[in-house]
Structures are given as C-alpha cells and as structure tokens.
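Raw input.txt, compact mmCIF, C-alpha atoms and all ligand atoms:
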```txt
# COMPACT_ATOMS: atom_id res chain seq x y z
CA MET A 1 0.00 0.00 0.00
CA ALA A 2 1.52 3.32 -1.05
CA TYR A 3 -0.43 5.71 1.12
CA CYS A 4 -1.93 5.26 4.55
CA PRO A 5 -4.48 7.90 5.68
CA LEU A 6 -3.97 6.71 9.27
CA ILE A 7 -0.63 8.45 9.19
CA TYR A 8 -2.30 11.76 8.52
CA CYS A 9 -5.72 11.44 10.14
CA GLN A 10 -4.98 12.85 13.60
CA MET A 11 -3.53 16.21 12.74
CA SER A 12 -5.95 18.72 14.29
CA THR A 13 -5.28 19.51 17.98
CA ILE A 14 -2.47 19.05 20.49
CA ARG A 15 -3.75 15.89 22.05
CA GLY A 16 -2.69 12.28 22.01
CA THR A 17 0.51 11.61 20.11
CA LYS A 18 0.92 15.31 19.23
CA GLU A 19 1.82 15.94 22.85
CA TRP A 20 4.86 13.78 22.25
CA ALA A 21 6.07 14.37 18.69
CA VAL A 22 6.06 16.76 15.75
CA ALA A 23 5.81 13.93 13.20
CA GLU A 24 4.20 10.49 13.24
CA ILE A 25 5.77 7.73 11.18
CA ASN A 26 4.47 4.24 10.35
CA CYS A 27 5.66 1.45 8.09
CA SER A 28 2.87 -1.08 8.19
CA PHE A 29 -0.90 -1.25 8.26
CA GLY A 30 -2.85 -3.42 10.71
CA CYS A 31 -1.73 -4.86 14.02
CA PRO A 32 -1.93 -8.39 15.45
CA TYR A 33 -2.11 -7.08 19.02
CA ASN A 34 -5.78 -6.19 18.40
CA CYS A 35 -6.30 -4.04 21.50
CA ARG A 36 -9.99 -3.52 22.23
CA TYR A 37 -9.51 0.25 22.60
CA CYS A 38 -7.39 0.67 19.43
CA TYR A 39 -7.82 4.13 17.88
CA ALA A 40 -6.02 3.11 14.68
CA ARG A 41 -8.46 0.26 14.00
CA THR A 42 -11.38 2.64 14.55
CA ALA A 43 -9.83 5.10 12.08
CA ALA A 44 -9.20 2.34 9.54
CA LEU A 45 -12.86 1.29 9.72
CA LYS A 46 -14.03 4.89 9.44
CA HIS A 47 -11.89 5.53 6.37
CA GLY A 48 -12.98 2.27 4.71
CA LEU A 49 -9.48 0.80 4.78
CA ILE A 50 -10.82 -2.37 6.38
CA ASP A 51 -14.33 -3.83 6.12
CA SER A 52 -14.50 -5.45 9.54
CA PRO A 53 -12.55 -5.23 12.83
CA ASP A 54 -11.16 -8.75 12.28
CA GLN A 55 -9.17 -7.56 9.26
CA TRP A 56 -7.12 -5.27 11.53
CA THR A 57 -5.04 -8.20 12.78
CA GLN A 58 -3.57 -8.82 9.31
CA SER A 59 -0.60 -6.56 8.90
CA ARG A 60 0.87 -5.36 5.62
CA ILE A 61 4.15 -3.55 5.01
CA LEU A 62 3.86 -0.05 3.47
CA VAL A 63 6.83 -0.29 1.10
CA GLU A 64 6.94 3.39 0.14
CA GLU A 65 6.91 4.41 3.81
CA VAL A 66 9.75 2.00 4.53
CA ASN A 67 11.89 3.51 1.78
CA ARG A 68 10.95 7.14 2.39
CA LYS A 69 13.90 9.47 2.98
CA HIS A 70 13.06 11.77 5.84
CA PRO A 71 13.98 15.40 6.45
CA HIS A 72 15.36 16.63 9.73
CA TYR A 73 12.13 17.34 11.61
CA GLN A 74 11.93 20.31 13.94
CA GLY A 75 11.42 18.18 17.03
CA GLN A 76 10.98 14.63 18.23
CA VAL A 77 9.53 12.07 15.80
CA MET A 78 7.27 9.21 16.96
CA PHE A 79 7.51 5.75 15.41
CA PRO A 80 5.23 3.87 15.13
CA THR A 81 1.87 5.44 15.93
CA ALA A 82 -0.68 3.19 14.18
CA HIS A 83 0.79 -0.31 14.54
CA ASP A 84 3.35 -2.00 16.75
CA LEU A 85 6.76 -3.59 16.24
CA THR A 86 6.61 -7.33 15.62
CA ASN A 87 8.88 -9.97 14.11
CA GLU A 88 6.88 -9.60 10.88
CA ASN A 89 7.67 -5.91 10.39
CA LEU A 90 10.98 -5.68 12.26
CA ASP A 91 13.19 -5.48 9.17
CA ALA A 92 11.01 -2.69 7.79
CA ALA A 93 11.08 -0.92 11.17
CA LEU A 94 14.88 -1.11 11.33
CA THR A 95 15.07 0.54 7.91
CA VAL A 96 12.71 3.33 8.97
CA ILE A 97 14.59 4.00 12.22
CA ASN A 98 17.84 4.06 10.27
CA ASN A 99 16.35 6.53 7.75
CA LEU A 100 15.14 8.80 10.55
CA LEU A 101 18.47 8.72 12.36
CA ALA A 102 20.32 9.37 9.10
CA ALA A 103 18.57 12.75 8.97
CA ASP A 104 19.70 13.41 12.56
CA ASN A 105 16.23 13.05 14.04
CA ARG A 106 15.42 12.27 17.66
CA VAL A 107 13.22 9.17 17.50
CA LEU A 108 10.59 8.22 20.07
CA ILE A 109 9.99 4.48 19.64
CA VAL A 110 6.61 3.57 21.14
CA SER A 111 5.69 -0.08 21.61
CA LYS A 112 4.03 -2.76 23.69
CA PRO A 113 7.44 -4.31 23.50
CA SER A 114 8.40 -7.69 22.16
CA LEU A 115 11.66 -8.51 23.94
CA SER A 116 13.36 -9.91 20.84
CA CYS A 117 12.41 -6.85 18.77
CA ILE A 118 13.74 -4.45 21.39
CA GLU A 119 16.96 -6.43 21.81
CA THR A 120 17.51 -6.24 18.05
CA ILE A 121 16.84 -2.49 17.92
CA CYS A 122 19.14 -1.84 20.89
CA ARG A 123 21.98 -3.80 19.34
CA ARG A 124 21.52 -2.31 15.88
CA PHE A 125 21.48 1.30 17.10
CA ALA A 126 23.76 1.05 20.14
CA ASP A 127 26.03 3.77 18.78
CA GLN A 128 23.11 6.20 18.27
CA LYS A 129 21.32 5.64 21.58
CA GLN A 130 21.50 9.32 22.48
CA LYS A 131 19.01 10.02 19.65
CA ILE A 132 16.47 7.35 20.71
CA VAL A 133 13.84 7.29 23.47
CA PHE A 134 11.96 4.06 24.12
CA ARG A 135 8.41 4.51 25.40
CA PHE A 136 6.85 1.20 26.37
CA THR A 137 3.11 0.95 26.82
CA ILE A 138 2.54 -1.05 30.00
CA THR A 139 -1.06 -0.61 31.07
CA ALA A 140 -1.54 -3.21 33.84
CA ARG A 141 0.18 -6.08 35.65
CA ASN A 142 -2.89 -8.29 36.11
CA PRO A 143 -2.60 -10.96 33.36
CA GLU A 144 -6.36 -11.42 32.98
CA ILE A 145 -7.01 -7.71 32.54
CA LEU A 146 -4.04 -7.24 30.21
CA SER A 147 -4.85 -10.21 27.96
CA PHE A 148 -8.52 -9.21 27.82
CA TRP A 149 -7.85 -5.68 26.61
CA GLU A 150 -4.69 -6.36 24.58
CA PRO A 151 -5.18 -9.98 23.48
CA GLY A 152 -2.34 -10.27 20.97
CA ALA A 153 0.27 -8.17 22.78
CA PRO A 154 3.22 -9.40 24.86
CA ALA A 155 2.53 -10.29 28.50
CA TYR A 156 3.54 -7.99 31.34
CA GLN A 157 6.73 -9.87 32.22
CA GLU A 158 8.01 -9.67 28.64
CA ARG A 159 7.37 -5.93 28.53
CA LEU A 160 9.15 -5.52 31.87
CA LYS A 161 12.14 -7.46 30.55
CA ALA A 162 12.28 -5.24 27.47
CA LEU A 163 12.21 -2.15 29.69
CA LYS A 164 15.02 -3.50 31.89
CA PHE A 165 17.08 -4.52 28.87
CA SER A 166 16.93 -1.16 27.13
CA TYR A 167 17.57 0.67 30.42
CA ARG A 168 20.66 -1.44 31.13
CA GLN A 169 21.90 -0.87 27.57
CA GLY A 170 21.97 2.85 28.37
CA PHE A 171 18.98 4.05 26.34
CA SER A 172 16.50 6.69 27.45
CA THR A 173 13.49 4.81 28.78
CA SER A 174 9.92 5.93 29.30
CA VAL A 175 6.61 4.19 30.04
CA SER A 176 3.10 5.01 28.87
CA ILE A 177 0.32 3.83 31.19
CA GLU A 178 -2.38 4.91 28.78
CA PRO A 179 -4.99 3.72 29.15
CA VAL A 180 -4.82 2.83 32.84
CA LEU A 181 -6.44 -0.61 32.78
CA ASP A 182 -6.27 -1.41 36.51
CA MET A 183 -6.55 1.63 38.76
CA SER A 184 -6.42 -0.58 41.88
CA ASP A 185 -2.84 -1.57 41.03
CA LEU A 186 -1.56 1.65 39.49
CA GLU A 187 0.76 2.63 42.34
CA GLY A 188 2.20 -0.88 42.50
CA LEU A 189 2.80 -0.82 38.76
CA VAL A 190 4.57 2.54 38.92
CA GLU A 191 6.73 1.38 41.84
CA GLU A 192 7.84 -1.73 39.98
CA LEU A 193 8.65 0.12 36.74
CA GLU A 194 10.24 3.34 37.95
CA PRO A 195 13.70 1.90 38.82
CA TYR A 196 14.13 1.19 35.08
CA VAL A 197 12.80 4.50 33.79
CA ASN A 198 15.10 7.49 33.35
CA HIS A 199 12.88 9.70 31.17
CA SER A 200 9.17 9.74 32.09
CA ILE A 201 6.07 7.77 33.03
CA TRP A 202 2.96 9.03 31.23
CA ILE A 203 -0.49 8.31 32.65
CA GLY A 204 -3.78 8.72 30.76
CA LYS A 205 -7.38 7.59 30.62
CA MET A 206 -9.07 5.35 28.08
CA ASN A 207 -10.49 7.85 25.57
CA ARG A 208 -13.61 7.73 23.39
CA ILE A 209 -14.71 4.34 24.69
CA GLU A 210 -18.10 4.59 22.97
CA GLN A 211 -16.44 5.00 19.55
CA ARG A 212 -13.56 2.58 19.91
CA VAL A 213 -14.59 -0.38 22.07
CA ILE A 214 -16.96 -2.85 20.44
CA ILE A 215 -19.31 -4.11 23.14
CA ASP A 216 -20.22 -7.54 21.78
CA SER A 217 -20.50 -9.58 24.98
CA ASP A 218 -21.48 -9.30 28.62
CA GLN A 219 -17.82 -9.57 29.55
CA VAL A 220 -16.88 -6.56 27.44
CA ALA A 221 -19.80 -4.61 28.87
CA ALA A 222 -18.70 -5.47 32.42
CA GLU A 223 -15.10 -4.46 31.74
CA VAL A 224 -16.16 -1.18 30.15
CA LYS A 225 -18.35 -0.50 33.18
CA ARG A 226 -15.38 -1.15 35.49
CA ILE A 227 -13.07 1.13 33.48
CA ARG A 228 -15.67 3.92 33.40
CA LYS A 229 -16.10 3.68 37.17
CA GLU A 230 -12.36 3.69 37.80
CA GLN A 231 -11.82 6.77 35.65
CA GLN A 232 -14.61 8.93 37.06
CA ASP A 233 -13.38 12.42 37.91
CA GLY A 234 -13.23 11.76 41.67
CA GLU A 235 -11.11 8.63 41.14
CA ILE A 236 -8.78 10.52 38.81
CA GLU A 237 -8.37 13.35 41.32
CA ASN A 238 -7.53 10.84 44.08
CA MET A 239 -5.03 9.11 41.83
CA TYR A 240 -3.45 12.45 40.93
CA GLN A 241 -3.03 13.34 44.60
CA ARG A 242 -1.36 10.00 45.30
CA LEU A 243 1.13 10.15 42.42
CA GLN A 244 1.76 13.79 41.60
CA HIS A 245 4.83 14.02 43.86
CA LYS A 246 6.74 11.50 41.77
CA PRO A 247 9.21 13.34 39.52
CA LEU A 248 8.96 10.93 36.56
CA ILE A 249 5.17 11.19 36.24
CA ARG A 250 3.65 13.11 33.30
CA TRP A 251 -0.08 13.55 32.78
CA LYS A 252 -1.84 13.11 29.45
CA GLU A 253 -4.42 15.70 28.47
CA SER A 254 -7.25 13.41 29.63
CA ILE A 255 -5.96 13.77 33.19
CA LYS A 256 -4.87 17.42 32.95
CA GLU A 257 -8.41 18.44 31.97
CA ILE A 258 -9.83 16.89 35.15
CA VAL A 259 -7.26 18.06 37.69
CA GLY A 260 -6.94 21.57 36.25
CA LEU A 261 -3.44 21.49 34.79
CA PRO A 262 -2.77 23.60 31.66
CA LEU A 263 -2.91 21.69 28.37
CA SER A 264 0.10 21.62 26.11
CA THR A 265 0.24 24.54 23.70
CA GLN A 266 3.22 23.39 21.66
CA ILE A 267 3.30 20.31 19.50
CA GLY A 268 5.85 17.64 20.47
CA ARG A 269 6.98 19.13 23.78
CA ASP A 270 6.75 15.72 25.46
CA GLU A 271 6.43 17.17 28.96
S1 LIG A 301 -0.72 -2.05 19.76
FE1 LIG A 301 -1.52 -0.04 19.15
S2 LIG A 301 -1.96 -0.23 16.96
FE2 LIG A 301 -1.73 -2.32 17.77
S3 LIG A 301 -3.85 -2.94 18.22
FE3 LIG A 301 -2.94 -2.10 20.12
S4 LIG A 301 -3.54 0.09 20.14
FE4 LIG A 301 -3.84 -0.71 18.04
```

Starting from the file, give its structure as structure tokens.
Amino acid sequence: MAYCPLIYCQMSTIRGTKEWAVAEINCSFGCPYNCRYCYARTAALKHGLIDSPDQWTQSRILVEEVNRKHPHYQGQVMFPTAHDLTNENLDAALTVINNLLAADNRVLIVSKPSLSCIETICRRFADQKQKIVFRFTITARNPEILSFWEPGAPAYQERLKALKFSYRQGFSTSVSIEPVLDMSDLEGLVEELEPYVNHSIWIGKMNRIEQRVIIDSDQVAAEVKRIRKEQQDGEIENMYQRLQHKPLIRWKESIKEIVGLPLSTQIGRDE
C-alpha cells in the first residue's frame, strides 16, 4: 500500500501523540495485538481501509513508507503510531529507524514491546542511543485484565524485561500507562517500573470508549463499566493526589483536563 491515511488522520489539535512528537511515522498497516480500545483500528474502519474489525489483525508492510527518505524534523519524531513492532515488520522498522536517524532526528519508539524486537533495535542502534527514546506501553500487571484488553500483545513480564534490557543498555526509557487498565494496582505498577525509567512515566485515561470499544459480549460490557467507574473524575483526582509528587510522572491531556493542569500549547513538547 503506497499511502496510509492513518498516518495523517490525527492532525488537528495538540492531544494524544501530538503531545509527544512533531511527526508520526508508520511502516505497516494493521496490528496483530488487536487491542480492544485501538484508535487506529477505529480510524481504519471509518476511512474504509478495512471492512471489519477482524481484518485489523492482518498486517501489511507499506513499502513506500519504509523507503521514504526523511527530512530533519523540527522536534521529536514518533515511530510507530498506528501499529506495533513485531517480528513480521521488524526489518522494515529497522530501515525506517535508520532513515530517521540518518537525517539526525530524535526518535521516540513507542511499543508494547516484544523482547526480541527491542533487543535487536538496541543492538543495531547502540552507537546512536542518544538520539532514541523508548516509550513502552505497559497498562496493567494483572494478566487477565491485560490479555482481555490487549489480546495479541506481549505479556507484562516480557514488557518488563524489554524495559530493563533497554535501560541497562543505556537508552532513554519511558513508560506510557495509557490507558490505565487497573486503577487498583496503578501505584504498585509505577513502583515496579520506575527503577528502570530514566525519562518519564505518562499516565492517561481510556479515551472515546463509545467509539472505539466494540461491546459484543457481557464480559466486554462489564469491563467497560469497570473502566468507566475507575476513571470517574473523583477517582482521577484521588489518583493524581497519590502520584503527583513523583518526579517521573507526566499527565496526558485526559488527566490534565480533570485536575486543572494547563494543556500543552506546543506540538511535540513531550512534557
Ligand atoms: S498495539 Fe496499538 S496499533 Fe496495535 S492494536 Fe494495540 S492500540 Fe492498536
């Protein structure tokens, strides 16, 4: 596929990924992780790029995006934003990262990390680690909750190993707990991860549930009900009070709006 509208479809306000990066790069379409809250799958359905949610799990390499020569962007670049890094697209991803670094870009690599993929990236770009930030999405420790919401993604322990590995290799490491999937264990999760984080830990709500989550069973309905309850304003304010003293914590706009913090006014500030 030569052109992917998903790459360009979220370009209106400073929310979501625009808080983190001035440019969003992808090299494949579709994602086997099949998260129930996936915004990219929702966008693909809306734009007619897939006919049914099931088709999202079949991933295809975007050859022109892989081979694209990039300029030097005026700020941090995020890769990927609408798929993840898997053994199937790793070679393509290595080419894209190399192309971005060749133009002296600072690359924010965001993933629910496969350990083998992260090991390969760390080894391949060991001599350019000062231009790379890893941001690993780790949304819960509870295996039942994690596998329910992110059925095809690596388990918690694998993501933790990937975080430890990249940290010990001397890379900048960051975590995204967005969406928070288990508010009851959030502090425990942060405590376990923070020794291996030297950049930031971002926390955010599950957004636009009614548009993105397909409620096709009683179990999904019950989980959505639990998430909605856990992210009511009062619960978010309590959580903010408990965690706001921690220096690594950053708040996504979904939290800032509730607790009264100013929203980002500059694209890609990542703070
Ligand atoms: S990892 Fe990201 S792109 Fe893949 S299904 Fe989950 S939310 Fe969607």

Would you pick out the contacts of region 126-132 of chain A at 7 Å or less, using all atoms listed in the file, so that residues sharing its chain but fewer than 6 positions from it are not included, and give the list as a ChimeraX atom specification? /A:105-108,171-172

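Among all protein and nucleic acid residues, the ones that lie within 7 Å of ligand LIG 301 (chain A) when counting only C-alpha atoms and all ligand atoms are Cys31, Pro32, Tyr33, Asn34, Cys35, Tyr37, Cys38, Tyr39, Ala40, Arg41, Thr81, Ala82, His83, Asp84, Ser111, Lys112, Glu150 and Ala153 of chain A.
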
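Proximity ranking of A:Ile61, A:Cys117, A:Leu181, A:Leu100 relative to Val224 (chain A) places A:Leu181 first, based on only C-alpha atoms.
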
Any idea what's packed within 12 Å of Glu187 (chain A), counting only C-alpha atoms, ignoring anything in its chain fewer than 4 positions away? Could you give it as a PyMOL selection string? chain A and resi 139-141+177+180+182-183+191-194+201+203+238-244+246+249

Generate a file of the selected residues that holds C-alpha atoms, formatted as a PDB file, in the frame of the given file.
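Here's the written file out_14.pdb:
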```pdb
ATOM      1  CA  THR A 139      -1.060  -0.610  31.070  1.00  0.00           C
ATOM      2  CA  ALA A 140      -1.540  -3.210  33.840  1.00  0.00           C
ATOM      3  CA  ARG A 141       0.180  -6.080  35.650  1.00  0.00           C
ATOM      4  CA  ILE A 177       0.320   3.830  31.190  1.00  0.00           C
ATOM      5  CA  VAL A 180      -4.820   2.830  32.840  1.00  0.00           C
ATOM      6  CA  ASP A 182      -6.270  -1.410  36.510  1.00  0.00           C
ATOM      7  CA  MET A 183      -6.550   1.630  38.760  1.00  0.00           C
ATOM      8  CA  GLU A 191       6.730   1.380  41.840  1.00  0.00           C
ATOM      9  CA  GLU A 192       7.840  -1.730  39.980  1.00  0.00           C
ATOM     10  CA  LEU A 193       8.650   0.120  36.740  1.00  0.00           C
ATOM     11  CA  GLU A 194      10.240   3.340  37.950  1.00  0.00           C
ATOM     12  CA  ILE A 201       6.070   7.770  33.030  1.00  0.00           C
ATOM     13  CA  ILE A 203      -0.490   8.310  32.650  1.00  0.00           C
ATOM     14  CA  ASN A 238      -7.530  10.840  44.080  1.00  0.00           C
ATOM     15  CA  MET A 239      -5.030   9.110  41.830  1.00  0.00           C
ATOM     16  CA  TYR A 240      -3.450  12.450  40.930  1.00  0.00           C
ATOM     17  CA  GLN A 241      -3.030  13.340  44.600  1.00  0.00           C
ATOM     18  CA  ARG A 242      -1.360  10.000  45.300  1.00  0.00           C
ATOM     19  CA  LEU A 243       1.130  10.150  42.420  1.00  0.00           C
ATOM     20  CA  GLN A 244       1.760  13.790  41.600  1.00  0.00           C
ATOM     21  CA  LYS A 246       6.740  11.500  41.770  1.00  0.00           C
ATOM     22  CA  ILE A 249       5.170  11.190  36.240  1.00  0.00           C
TER      23      ILE A 249
END
```

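Taking CA of Val22 (chain A) and CA of Val77 (chain A) as endpoints, the distance between them is 5.8 Å.
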
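By chain and then residue number, the residues within 7 Å of Cys27 (chain A) are Ile61, Leu62, Glu65, Val66, Ala92 and Ala93 of chain A, counting only C-alpha atoms and disregarding those fewer than 4 positions away in sequence.
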
May I ask which of the residues A:Ile227, A:Ile121, A:Ile214, A:Ala222 is the closest one to Ser52 (chain A), counting all atoms listed in the file? A:Ile214
